[in-house]
file data_14.txt (compact mmCIF, C-alpha atoms (C1' of nucleotides))
# COMPACT_ATOMS: atom_id res chain seq x y z
CA MET G 1 -49.18 94.80 226.68
CA LYS G 2 -51.95 92.86 228.26
CA ASP G 3 -51.51 89.13 228.28
CA LEU G 4 -54.08 86.47 227.75
CA GLN G 5 -53.92 85.04 231.24
CA ASP G 6 -54.88 88.39 232.72
CA LEU G 7 -58.26 88.35 231.08
CA THR G 8 -60.93 86.36 232.78
CA SER G 9 -63.84 87.29 230.61
CA ASP G 10 -65.94 85.38 228.20
CA GLN G 11 -63.98 87.11 225.48
CA GLN G 12 -60.83 85.50 226.71
CA ARG G 13 -62.37 82.10 226.35
CA LYS G 14 -63.47 82.91 222.84
CA LEU G 15 -60.06 84.12 221.78
CA ASP G 16 -58.53 81.12 223.43
CA ARG G 17 -60.72 78.78 221.44
CA ALA G 18 -59.82 80.57 218.25
CA ARG G 19 -56.16 80.22 219.04
CA GLN G 20 -56.56 76.64 220.12
CA ARG G 21 -57.98 75.65 216.76
CA VAL G 22 -55.02 77.15 214.96
CA ILE G 23 -52.55 75.59 217.35
CA GLU G 24 -54.16 72.21 216.94
CA SER G 25 -54.20 72.45 213.18
CA ILE G 26 -50.65 73.62 212.86
CA GLY G 27 -49.40 71.04 215.29
CA LYS G 28 -51.18 68.22 213.59
CA ASN G 29 -49.62 68.90 210.23
CA MET G 30 -46.11 69.43 211.43
CA ASP G 31 -45.40 65.78 210.88
CA LEU G 32 -44.55 66.92 207.37
CA TYR G 33 -41.48 68.44 208.96
CA GLY G 34 -40.79 65.19 210.72
CA ILE G 35 -42.03 66.58 213.96
CA THR G 36 -44.03 64.78 216.56
CA LEU G 37 -47.53 65.91 217.42
CA SER G 38 -46.63 67.27 220.82
CA ILE G 39 -43.66 69.20 219.53
CA GLY G 40 -45.89 70.61 216.85
CA HIS G 41 -48.26 71.52 219.59
CA LEU G 42 -45.46 73.17 221.46
CA TYR G 43 -44.65 75.20 218.41
CA GLY G 44 -48.27 76.20 218.04
CA HIS G 45 -48.39 77.50 221.56
CA MET G 46 -45.16 79.36 221.07
CA TYR G 47 -46.63 80.94 218.00
CA PHE G 48 -49.18 82.84 220.02
CA GLN G 49 -46.85 83.90 222.77
CA ASN G 50 -46.13 87.54 222.28
CA LYS G 51 -42.95 87.52 224.27
CA PRO G 52 -39.98 85.20 224.79
CA ILE G 53 -40.89 82.28 226.95
CA THR G 54 -39.13 79.90 229.31
CA LEU G 55 -39.11 76.15 229.60
CA ASP G 56 -41.05 76.36 232.82
CA ASP G 57 -43.73 78.52 231.22
CA MET G 58 -44.19 76.04 228.45
CA SER G 59 -44.03 73.10 230.78
CA GLU G 60 -47.01 74.58 232.56
CA THR G 61 -49.08 75.52 229.54
CA MET G 62 -48.43 72.19 227.86
CA GLY G 63 -48.83 70.15 231.00
CA MET G 64 -45.65 68.28 230.22
CA SER G 65 -42.33 67.75 231.89
CA LYS G 66 -39.57 70.27 231.63
CA THR G 67 -37.33 67.65 230.09
CA SER G 68 -39.76 67.23 227.23
CA MET G 69 -39.81 70.96 226.70
CA SER G 70 -36.06 70.99 226.62
CA THR G 71 -35.81 68.33 223.95
CA GLY G 72 -38.73 69.79 222.05
CA MET G 73 -37.15 73.22 221.97
CA ARG G 74 -33.93 71.73 220.71
CA THR G 75 -35.74 69.92 217.92
CA LEU G 76 -37.44 73.15 216.90
CA MET G 77 -34.16 75.02 217.10
CA ASP G 78 -32.50 72.46 214.86
CA LEU G 79 -35.15 73.27 212.31
CA LYS G 80 -34.63 76.98 212.98
CA MET G 81 -38.27 77.37 213.81
CA ILE G 82 -37.51 78.95 217.16
CA ASN G 83 -34.60 80.93 218.52
CA LYS G 84 -33.00 81.20 221.87
CA VAL G 85 -32.93 84.84 222.91
CA TRP G 86 -31.15 86.67 225.66
CA GLY G 87 -33.18 88.32 228.33
CA LYS G 88 -31.57 90.39 231.03
CA GLY G 89 -32.74 89.93 234.56
CA THR G 90 -33.41 86.23 234.30
CA ARG G 91 -31.09 83.27 234.35
CA LYS G 92 -33.51 81.15 232.40
CA ASP G 93 -33.21 80.52 228.70
CA LEU G 94 -35.78 82.35 226.66
CA TYR G 95 -37.26 81.12 223.42
CA GLU G 96 -39.36 82.68 220.71
CA VAL G 97 -40.65 81.63 217.32
CA VAL G 98 -39.00 82.66 214.11
CA PRO G 99 -42.13 84.12 212.56
CA ASP G 100 -41.04 83.89 208.93
CA TRP G 101 -42.68 80.77 207.57
CA TYR G 102 -41.22 81.20 204.11
CA GLN G 103 -37.85 81.04 205.78
CA ASN G 104 -38.89 78.02 207.82
CA PHE G 105 -39.87 76.24 204.65
CA SER G 106 -36.57 77.02 202.97
CA ASP G 107 -34.60 76.06 206.01
CA TYR G 108 -36.33 72.73 206.17
CA PHE G 109 -35.06 71.89 202.73
CA SER G 110 -31.64 73.26 203.46
CA ILE G 111 -31.34 71.25 206.60
CA LYS G 112 -33.08 68.00 205.85
CA TRP G 113 -33.45 67.53 202.13
CA ARG G 114 -30.07 68.83 201.14
CA LYS G 115 -28.40 66.44 203.49
CA ALA G 116 -30.42 63.51 202.21
CA VAL G 117 -29.85 64.41 198.58
CA GLU G 118 -26.13 64.81 199.02
CA GLY G 119 -25.89 61.52 200.86
CA ASN G 120 -27.81 59.71 198.17
CA MET G 121 -25.79 61.29 195.41
CA GLN G 122 -22.61 60.09 197.00
CA ALA G 123 -23.92 56.55 197.24
CA LEU G 124 -25.16 56.66 193.68
CA ALA G 125 -21.91 58.02 192.34
CA LYS G 126 -19.91 55.35 194.06
CA SER G 127 -22.10 52.55 192.82
CA LEU G 128 -22.08 54.02 189.36
CA GLU G 129 -18.33 53.80 189.30
CA GLU G 130 -18.38 50.22 190.38
CA ILE G 131 -20.81 49.44 187.62
CA HIS G 132 -18.52 51.12 185.13
CA SER G 133 -15.62 49.01 186.21
CA LEU G 134 -17.80 45.92 186.07
CA LYS G 135 -18.69 46.80 182.53
CA GLY G 136 -15.03 46.79 181.71
CA GLU G 137 -14.55 43.33 183.14
CA ALA G 138 -17.63 41.87 181.53
CA GLU G 139 -16.80 42.43 177.92
CA GLY G 140 -17.47 38.87 176.91
CA ASP G 141 -20.78 38.47 178.69
CA PRO G 142 -23.49 40.27 176.75
CA ASP G 143 -26.29 39.27 179.13
CA PHE G 144 -24.53 40.61 182.15
CA LEU G 145 -23.55 43.67 180.17
CA GLN G 146 -27.13 44.36 179.35
CA LEU G 147 -28.05 44.10 183.02
CA LEU G 148 -25.32 46.56 183.87
CA ASP G 149 -26.57 48.96 181.26
CA VAL G 150 -30.02 49.00 182.80
CA ASP G 151 -28.65 49.73 186.24
CA GLU G 152 -26.36 52.36 184.87
CA ALA G 153 -29.26 54.09 183.17
CA LYS G 154 -31.32 54.06 186.34
CA ILE G 155 -28.57 55.52 188.44
CA THR G 156 -27.72 58.14 185.89
CA GLU G 157 -31.33 59.19 185.69
CA ALA G 158 -31.55 59.35 189.47
CA LEU G 159 -28.48 61.53 189.60
CA HIS G 160 -30.07 63.91 187.15
CA TYR G 161 -33.11 64.17 189.35
CA TYR G 162 -31.02 64.87 192.41
CA LYS G 163 -29.12 67.57 190.60
CA TRP G 164 -32.42 69.16 189.70
CA LEU G 165 -33.55 68.89 193.29
CA LEU G 166 -30.39 70.61 194.47
CA ARG G 167 -31.08 73.45 192.07
CA LEU G 168 -34.58 73.74 193.45
CA ILE G 169 -33.24 73.81 196.99
CA GLU G 170 -30.80 76.50 195.96
CA THR G 171 -33.55 78.73 194.63
CA LEU G 172 -35.24 78.36 197.97
CA GLU G 173 -32.07 79.14 199.87
CA THR G 174 -31.23 82.18 197.82
CA GLY G 175 -34.79 83.42 197.64
CA LYS G 176 -34.73 83.34 193.86
CA ILE G 177 -37.84 81.21 194.02
CA PHE G 178 -39.75 84.39 194.79
CA GLU G 179 -38.92 85.75 191.38
CA PHE G 180 -40.86 82.91 189.91
CA ILE G 181 -43.50 82.56 192.56
CA PRO G 182 -43.87 85.97 194.17
CA LYS G 183 -44.96 86.23 197.75
CA GLU G 184 -47.92 88.20 196.55
CA MET S 1 -33.25 39.23 179.89
CA LYS S 2 -30.99 37.64 182.39
CA ASP S 3 -31.86 38.26 186.00
CA LEU S 4 -29.60 38.82 188.92
CA GLN S 5 -30.43 35.59 190.68
CA ASP S 6 -29.23 33.60 187.73
CA LEU S 7 -25.69 34.79 188.05
CA THR S 8 -23.56 33.08 190.59
CA SER S 9 -20.28 34.69 189.84
CA ASP S 10 -18.13 37.10 191.71
CA GLN S 11 -19.48 39.75 189.40
CA GLN S 12 -22.95 39.15 190.70
CA ARG S 13 -21.81 39.79 194.22
CA LYS S 14 -20.16 43.00 193.14
CA LEU S 15 -23.20 44.28 191.34
CA ASP S 16 -25.31 43.25 194.29
CA ARG S 17 -23.15 45.28 196.63
CA ALA S 18 -23.38 48.28 194.36
CA ARG S 19 -27.15 47.98 194.30
CA GLN S 20 -27.33 47.37 198.00
CA ARG S 21 -25.61 50.64 198.76
CA VAL S 22 -28.08 52.55 196.66
CA ILE S 23 -31.03 50.73 198.15
CA GLU S 24 -29.80 51.40 201.63
CA SER S 25 -29.22 55.06 200.94
CA ILE S 26 -32.54 55.64 199.26
CA GLY S 27 -34.41 53.76 201.93
CA LYS S 28 -32.77 55.60 204.74
CA ASN S 29 -33.75 59.00 203.43
CA MET S 30 -37.30 58.16 202.57
CA ASP S 31 -38.35 59.29 206.01
CA LEU S 32 -38.60 62.67 204.32
CA TYR S 33 -41.63 61.27 202.62
CA GLY S 34 -42.95 60.09 205.94
CA ILE S 35 -41.98 56.54 205.14
CA THR S 36 -40.59 54.01 207.50
CA LEU S 37 -37.13 52.59 207.00
CA SER S 38 -38.32 49.16 205.96
CA ILE S 39 -40.83 50.49 203.49
CA GLY S 40 -38.11 52.69 202.07
CA HIS S 41 -36.02 49.58 201.84
CA LEU S 42 -38.85 47.84 200.06
CA TYR S 43 -38.99 50.66 197.56
CA GLY S 44 -35.27 50.47 197.07
CA HIS S 45 -35.45 46.80 196.22
CA MET S 46 -38.35 47.42 193.88
CA TYR S 47 -36.28 50.04 192.16
CA PHE S 48 -33.83 47.49 190.87
CA GLN S 49 -36.37 44.93 189.83
CA ASN S 50 -36.55 44.98 186.11
CA LYS S 51 -39.96 43.44 185.92
CA PRO S 52 -43.22 43.57 187.86
CA ILE S 53 -42.97 41.75 191.12
CA THR S 54 -45.29 39.94 193.50
CA LEU S 55 -45.80 40.17 197.22
CA ASP S 56 -44.28 36.75 197.66
CA ASP S 57 -41.19 37.72 195.72
CA MET S 58 -40.67 40.74 197.88
CA SER S 59 -41.47 38.86 201.03
CA GLU S 60 -38.60 36.57 200.20
CA THR S 61 -36.05 39.18 199.18
CA MET S 62 -36.88 41.35 202.15
CA GLY S 63 -37.11 38.51 204.62
CA MET S 64 -40.35 39.88 205.93
CA SER S 65 -43.91 38.69 206.18
CA LYS S 66 -46.27 38.93 203.28
CA THR S 67 -48.61 41.06 205.34
CA SER S 68 -45.90 43.62 205.78
CA MET S 69 -45.32 43.65 202.06
CA SER S 70 -49.00 44.16 201.53
CA THR S 71 -49.21 47.18 203.79
CA GLY S 72 -45.91 48.52 202.54
CA MET S 73 -47.05 48.32 198.95
CA ARG S 74 -50.24 50.14 199.81
CA THR S 75 -48.31 52.90 201.48
CA LEU S 76 -46.13 53.27 198.43
CA MET S 77 -49.14 53.19 196.17
CA ASP S 78 -50.79 55.95 198.18
CA LEU S 79 -47.74 58.03 197.43
CA LYS S 80 -47.89 56.92 193.80
CA MET S 81 -44.38 55.62 194.02
CA ILE S 82 -45.39 52.21 192.76
CA ASN S 83 -48.18 50.93 190.58
CA LYS S 84 -50.17 47.79 190.49
CA VAL S 85 -49.94 46.29 187.02
CA TRP S 86 -51.82 43.56 185.29
CA GLY S 87 -49.98 40.48 184.29
CA LYS S 88 -51.64 37.76 182.31
CA GLY S 89 -51.03 34.20 183.34
CA THR S 90 -50.80 34.89 187.05
CA ARG S 91 -53.44 35.52 189.66
CA LYS S 92 -51.05 37.41 191.86
CA ASP S 93 -50.96 41.15 192.01
CA LEU S 94 -47.94 42.63 190.33
CA TYR S 95 -46.19 45.79 191.36
CA GLU S 96 -43.59 47.99 189.77
CA VAL S 97 -42.00 51.31 190.58
CA VAL S 98 -43.07 54.51 188.93
CA PRO S 99 -39.61 55.46 187.72
CA ASP S 100 -40.24 59.17 187.37
CA TRP S 101 -38.83 60.75 190.49
CA TYR S 102 -39.74 64.26 189.45
CA GLN S 103 -43.31 63.04 189.36
CA ASN S 104 -42.91 61.35 192.71
CA PHE S 105 -41.72 64.58 194.21
CA SER S 106 -44.66 66.52 192.80
CA ASP S 107 -47.13 63.89 193.85
CA TYR S 108 -45.82 64.00 197.36
CA PHE S 109 -46.72 67.65 197.61
CA SER S 110 -50.02 67.15 195.89
CA ILE S 111 -50.98 64.37 198.22
CA LYS S 112 -49.54 65.36 201.55
CA TRP S 113 -48.73 69.03 201.62
CA ARG S 114 -51.76 70.23 199.77
CA LYS S 115 -54.01 68.44 202.18
CA ALA S 116 -52.21 69.86 205.18
CA VAL S 117 -52.16 73.38 203.77
CA GLU S 118 -55.84 73.34 202.94
CA GLY S 119 -56.71 72.02 206.37
CA ASN S 120 -54.65 74.67 208.07
CA MET S 121 -56.09 77.42 205.91
CA GLN S 122 -59.57 76.42 206.86
CA ALA S 123 -58.73 76.50 210.54
CA LEU S 124 -57.00 79.84 210.15
CA ALA S 125 -59.87 81.37 208.22
CA LYS S 126 -62.39 80.29 210.80
CA SER S 127 -60.37 81.64 213.68
CA LEU S 128 -59.73 84.83 211.81
CA GLU S 129 -63.45 85.38 211.51
CA GLU S 130 -63.96 84.79 215.17
CA ILE S 131 -61.29 87.33 215.92
CA HIS S 132 -62.99 89.82 213.66
CA SER S 133 -66.24 89.42 215.47
CA LEU S 134 -64.43 89.70 218.80
CA LYS S 135 -62.98 92.96 217.59
CA GLY S 136 -66.46 94.22 217.02
CA GLU S 137 -67.53 93.34 220.54
CA ALA S 138 -64.43 94.75 222.18
CA GLU S 139 -64.69 98.33 221.08
CA GLY S 140 -64.32 99.76 224.55
CA ASP S 141 -61.35 97.65 225.62
CA PRO S 142 -58.20 98.99 223.98
CA ASP S 143 -55.92 96.44 225.64
CA PHE S 144 -57.89 93.49 224.43
CA LEU S 145 -58.23 95.13 221.06
CA GLN S 146 -54.51 95.39 220.76
CA LEU S 147 -54.17 91.73 221.59
CA LEU S 148 -56.67 90.87 218.90
CA ASP S 149 -54.79 92.96 216.39
CA VAL S 150 -51.62 91.02 217.00
CA ASP S 151 -53.35 87.70 216.53
CA GLU S 152 -55.11 88.97 213.46
CA ALA S 153 -51.82 90.02 211.93
CA LYS S 154 -50.24 86.67 212.65
CA ILE S 155 -53.06 84.73 211.10
CA THR S 156 -53.25 86.99 208.08
CA GLU S 157 -49.54 86.60 207.52
CA ALA S 158 -49.85 82.83 207.85
CA LEU S 159 -52.63 82.76 205.30
CA HIS S 160 -50.44 84.66 202.88
CA TYR S 161 -47.74 82.09 203.31
CA TYR S 162 -50.13 79.24 202.71
CA LYS S 163 -51.42 80.87 199.55
CA TRP S 164 -47.87 81.14 198.34
CA LEU S 165 -47.28 77.51 199.19
CA LEU S 166 -50.35 76.49 197.21
CA ARG S 167 -49.00 78.38 194.23
CA LEU S 168 -45.72 76.56 194.59
CA ILE S 169 -47.50 73.23 194.77
CA GLU S 170 -49.44 74.16 191.66
CA THR S 171 -46.30 74.84 189.68
CA LEU S 172 -45.13 71.40 190.68
CA GLU S 173 -48.41 69.79 189.71
CA THR S 174 -48.59 71.51 186.36
CA GLY S 175 -44.92 71.08 185.59
CA LYS S 176 -44.48 74.81 185.21
CA ILE S 177 -41.69 74.58 187.73
CA PHE S 178 -39.54 73.15 184.96
CA GLU S 179 -39.73 76.40 183.08
CA PHE S 180 -37.97 78.03 185.96
CA ILE S 181 -35.76 75.16 186.99
CA PRO S 182 -35.22 73.04 183.89
CA LYS S 183 -34.62 69.36 184.22
CA GLU S 184 -31.39 69.94 182.42
C1' DA Y 1 -70.89 23.19 193.08
C1' DA Y 2 -66.41 22.46 195.66
C1' DG Y 3 -61.47 23.37 195.79
C1' DT Y 4 -57.41 26.30 195.61
C1' DG Y 5 -54.73 30.37 195.76
C1' DT Y 6 -54.30 35.22 197.02
C1' DG Y 7 -54.55 39.63 199.65
C1' DT Y 8 -55.61 41.62 203.83
C1' DA Y 9 -58.14 42.24 208.47
C1' DA Y 10 -57.54 41.32 213.24
C1' DA Y 11 -55.12 40.25 217.30
C1' DG Y 12 -51.11 39.64 219.56
C1' DA Y 13 -45.91 40.07 220.14
C1' DA Y 14 -41.87 42.68 219.55
C1' DA Y 15 -39.56 46.89 218.84
C1' DA Y 16 -39.23 51.71 218.95
C1' DA Y 17 -40.41 56.12 220.45
C1' DA Y 18 -42.14 59.46 223.57
C1' DC Y 19 -42.33 60.99 228.04
C1' DT Y 20 -41.11 61.42 233.08
C1' DG Y 21 -38.41 61.70 237.35
C1' DT Y 22 -34.01 61.84 239.21
C1' DA Y 23 -29.51 63.32 239.38
C1' DC Y 24 -26.00 66.25 238.28
C1' DA Y 25 -22.93 69.71 235.95
C1' DA Y 26 -22.52 74.46 234.89
C1' DA Y 27 -23.03 79.13 236.04
C1' DG Y 28 -24.71 82.94 238.65
C1' DA Y 29 -25.55 84.89 243.50
C1' DA Y 30 -24.28 85.59 248.07
C1' DT M 1 -15.83 79.93 248.76
C1' DT M 2 -20.67 77.94 249.30
C1' DC M 3 -25.48 78.10 248.01
C1' DT M 4 -29.01 78.37 244.36
C1' DT M 5 -30.93 77.92 240.13
C1' DT M 6 -31.31 76.03 235.55
C1' DG M 7 -30.85 72.89 231.57
C1' DT M 8 -30.14 68.36 230.24
C1' DA M 9 -28.15 63.41 230.44
C1' DC M 10 -29.65 59.13 231.84
C1' DA M 11 -32.50 55.36 233.28
C1' DG M 12 -36.88 53.67 233.62
C1' DT M 13 -41.87 53.68 232.33
C1' DT M 14 -45.60 54.25 229.36
C1' DT M 15 -47.40 54.69 224.93
C1' DT M 16 -47.20 54.04 220.07
C1' DT M 17 -45.74 51.80 216.08
C1' DT M 18 -44.16 48.05 213.51
C1' DC M 19 -44.24 43.40 212.38
C1' DT M 20 -45.96 38.55 212.50
C1' DT M 21 -49.24 34.86 212.84
C1' DT M 22 -53.64 33.35 212.18
C1' DA M 23 -57.94 33.47 210.01
C1' DC M 24 -60.89 34.46 206.47
C1' DA M 25 -63.23 36.66 202.41
C1' DC M 26 -63.00 36.97 197.62
C1' DA M 27 -62.11 35.32 193.14
C1' DC M 28 -60.61 32.16 189.90
C1' DT M 29 -60.46 27.09 188.32
C1' DT M 30 -62.28 22.75 187.58
call {"tool": "encode", "arguments": {"input": "data_14.txt", "output": "structure tokens"}}
result
Amino acid sequence: MKDLQDLTSDQQRKLDRARQRVIESIGKNMDLYGITLSIGHLYGHMYFQNKPITLDDMSETMGMSKTSMSTGMRTLMDLKMINKVWGKGTRKDLYEVVPDWYQNFSDYFSIKWRKAVEGNMQALAKSLEEIHSLKGEAEGDPDFLQLLDVDEAKITEALHYYKWLLRLIETLETGKIFEFIPKE
Amino acid sequence: MKDLQDLTSDQQRKLDRARQRVIESIGKNMDLYGITLSIGHLYGHMYFQNKPITLDDMSETMGMSKTSMSTGMRTLMDLKMINKVWGKGTRKDLYEVVPDWYQNFSDYFSIKWRKAVEGNMQALAKSLEEIHSLKGEAEGDPDFLQLLDVDEAKITEALHYYKWLLRLIETLETGKIFEFIPKE
DNA sequence: AAGTGTGTAAAGAAAAAACTGTACAAAGAA
DNA sequence: TTCTTTGTACAGTTTTTTCTTTACACACTT
């Protein structure tokens, strides 16, 4: 297939502008995924590459160092937004986007949110236990007891929320979410 | 009600440690909301305050400048994670957490994701139109036409995803999500 | 009206992050 | 084996962000 660089016409410039707007827009909003503007930009460019691409290619199109491309690609791989693919004939690593954005969205929660939620739950559970044991010791001190009750209630409530959030994440992971909110 | 500062016992220290762990954990993971560690920390402290609190109070407990508290509070207010409340008798502004984390979660998508999605959709729609008009001009150039088709397909697919995402955000906003994933 | 207290804008300092160039280890080619 | 090529670790630089200090506008009190 013809590639964009091969065209030198006015049409090329027009298509390029159209792409550029999308790339810019996507890149700008990728901070929601905790991604820096330039890595978002990198992703945007990758998105319109119609074949696997090398670090050197991207280094050139982005006008950035190869090292930055390397770290950027790794960040995107961690989020499963791009894949490393094998190409025969070349010794270079080849990358391409994972074009399923529904999957990207799910993965983001699997990777980032799940970890955060589980970490928080562990902290909450531990502190909740400590509060329970404090309640045991503080039988004779009604003021302190009341304070403990408030904290206990807060933590319990938070744990409920996190459990709910885990269930939500699960429906994303399993794809059951699409039963409730169909793709179309 | 008794407040934590009033206790000087060993029990206070224990409760404080239990709280501290939760605060730390919550704060650390608030980067998912695009929030800095110290603002997350601020939120964490607010979470265990059992009454509305002033900038000066927080400045002291956090060991940070009042200006930082001011900007931090505004950031948290933008995310609707805290509220400014009116207290009679004092001229200071009073803040307290919005304790509904389900709501916080929904608001986050309403505020941040919705904006991003709508912005991206607009960019995509505009570029899609340009591609359509390019297709009209490029009748005689099958190679270029093929290229345009690929881009068109990508953008169309992306728009589908964004529409889905908007529907998801809506179910969060309206609370319909809880029909599918009950709070408990 | 003047006086006092409060939040925040602005500017500067400190800290953190992003980015680059160099150097090198690993792996393929000769 | 030795010679290349390629990705990345590391150190250093630049840029960005965070935080503080100072200054001041606004509002409330007297």
call {"tool": "closest_atom_pairs", "arguments": {"input": "data_14.txt", "of": "chain S", "to": "chain M", "cutoff": "12 Å", "atoms": "only C-alpha atoms (C1' of nucleotides)", "output": "JSON lines"}}
result
{"residue": "S:Thr36", "atom": "CA", "partner": "M:DT18", "partner_atom": "C1'", "distance": 9.2}
{"residue": "S:Leu37", "atom": "CA", "partner": "M:DT18", "partner_atom": "C1'", "distance": 10.6}
{"residue": "S:Ser38", "atom": "CA", "partner": "M:DT18", "partner_atom": "C1'", "distance": 9.6}
{"residue": "S:Ile39", "atom": "CA", "partner": "M:DT18", "partner_atom": "C1'", "distance": 10.8}
{"residue": "S:Gly63", "atom": "CA", "partner": "M:DC19", "partner_atom": "C1'", "distance": 11.6}
{"residue": "S:Met64", "atom": "CA", "partner": "M:DC19", "partner_atom": "C1'", "distance": 8.3}
{"residue": "S:Ser65", "atom": "CA", "partner": "M:DT20", "partner_atom": "C1'", "distance": 6.6}
{"residue": "S:Lys66", "atom": "CA", "partner": "M:DT20", "partner_atom": "C1'", "distance": 9.2}
{"residue": "S:Thr67", "atom": "CA", "partner": "M:DT20", "partner_atom": "C1'", "distance": 8.0}
{"residue": "S:Ser68", "atom": "CA", "partner": "M:DC19", "partner_atom": "C1'", "distance": 6.8}
{"residue": "S:Met69", "atom": "CA", "partner": "M:DC19", "partner_atom": "C1'", "distance": 10.4}
{"residue": "S:Ser70", "atom": "CA", "partner": "M:DC19", "partner_atom": "C1'", "distance": 11.9}
{"residue": "S:Thr71", "atom": "CA", "partner": "M:DC19", "partner_atom": "C1'", "distance": 10.6}
{"residue": "S:Gly72", "atom": "CA", "partner": "M:DT18", "partner_atom": "C1'", "distance": 11.1}
{"residue": "S:Gly89", "atom": "CA", "partner": "M:DC28", "partner_atom": "C1'", "distance": 11.8}
{"residue": "S:Thr90", "atom": "CA", "partner": "M:DC28", "partner_atom": "C1'", "distance": 10.6}
{"residue": "S:Arg91", "atom": "CA", "partner": "M:DC28", "partner_atom": "C1'", "distance": 7.9}
{"residue": "S:Lys92", "atom": "CA", "partner": "M:DC28", "partner_atom": "C1'", "distance": 11.1}
call {"tool": "interface_residues", "arguments": {"input": "data_14.txt", "of": "chain G", "to": "chain S", "cutoff": "6 Å", "atoms": "only C-alpha atoms", "output": "short mmCIF file (atom, residue, chain, number, x, y, z; two decimals) with C-alpha atoms, in the frame of the given file"}}
result
data_model
loop_
_atom_site.label_atom_id
_atom_site.label_comp_id
_atom_site.auth_asym_id
_atom_site.auth_seq_id
_atom_site.Cartn_x
_atom_site.Cartn_y
_atom_site.Cartn_z
CA LYS G 2 -51.95 92.86 228.26
CA ALA G 18 -59.82 80.57 218.25
CA VAL G 22 -55.02 77.15 214.96
CA SER G 25 -54.20 72.45 213.18
CA ASN G 29 -49.62 68.90 210.23
CA ALA G 116 -30.42 63.51 202.21
CA ASN G 120 -27.81 59.71 198.17
CA ALA G 123 -23.92 56.55 197.24
CA LEU G 124 -25.16 56.66 193.68
CA SER G 127 -22.10 52.55 192.82
CA ASP G 143 -26.29 39.27 179.13
CA TRP G 164 -32.42 69.16 189.70
CA LYS G 183 -44.96 86.23 197.75
#
call {"tool": "atom_distance", "arguments": {"input": "data_14.txt", "atom1": "CA of Ser106 (chain S)", "atom2": "CA of Ile169 (chain S)"}}
result
7.5 Å
call {"tool": "interface_residues", "arguments": {"input": "data_14.txt", "of": "chain Y", "to": "chain S", "cutoff": "9 Å", "atoms": "only C-alpha atoms (C1' of nucleotides)", "output": "PyMOL selection string"}}
result
chain Y and resi 5-8
call {"tool": "axis_aligned_box", "arguments": {"input": "data_14.txt", "around": "region 135-147 of chain G", "padding_each_side": "4 Å", "output": "JSON"}}
result
{"center_x": -21.3, "center_y": 42.6, "center_z": 179.9, "size_x": 21.5, "size_y": 16.3, "size_z": 14.4}
call {"tool": "atom_distance", "arguments": {"input": "data_14.txt", "atom1": "CA of Ile82 (chain S)", "atom2": "CA of Phe109 (chain S)"}}
result
16.2 Å
call {"tool": "atom_distance", "arguments": {"input": "data_14.txt", "atom1": "C1' of DA1 (chain Y)", "atom2": "CA of Lys88 (chain S)"}}
result
26.4 Å
call {"tool": "decode", "arguments": {"input": "data_14.txt", "residues": "region 109-116 of chain G", "atoms": "N, CA, C and O atoms", "output": "compact mmCIF listing (two decimals), in the first residue's frame"}}
result
# COMPACT_ATOMS: atom_id res chain seq x y z
N PHE G 109 -8.01 0.07 33.67
CA PHE G 109 -8.55 -0.18 35.00
C PHE G 109 -7.96 -1.42 35.63
O PHE G 109 -7.68 -1.46 36.82
N SER G 110 -7.76 -2.42 34.80
CA SER G 110 -7.12 -3.63 35.31
C SER G 110 -5.74 -3.34 35.86
O SER G 110 -5.36 -3.83 36.91
N ILE G 111 -5.02 -2.54 35.14
CA ILE G 111 -3.62 -2.34 35.47
C ILE G 111 -3.44 -1.31 36.57
O ILE G 111 -2.74 -1.54 37.55
N LYS G 112 -4.10 -0.19 36.43
CA LYS G 112 -3.86 0.91 37.36
C LYS G 112 -4.84 0.91 38.54
O LYS G 112 -4.44 0.92 39.70
N TRP G 113 -6.10 0.93 38.21
CA TRP G 113 -7.10 1.08 39.27
C TRP G 113 -7.15 -0.14 40.19
O TRP G 113 -7.23 -0.03 41.40
N ARG G 114 -7.11 -1.29 39.60
CA ARG G 114 -7.17 -2.49 40.42
C ARG G 114 -6.05 -2.50 41.46
O ARG G 114 -6.26 -2.79 42.63
N LYS G 115 -4.90 -2.16 41.00
CA LYS G 115 -3.74 -2.14 41.90
C LYS G 115 -3.97 -1.14 43.03
O LYS G 115 -3.74 -1.45 44.21
N ALA G 116 -4.42 0.04 42.66
CA ALA G 116 -4.65 1.07 43.67
C ALA G 116 -5.71 0.63 44.67
O ALA G 116 -5.54 0.76 45.89
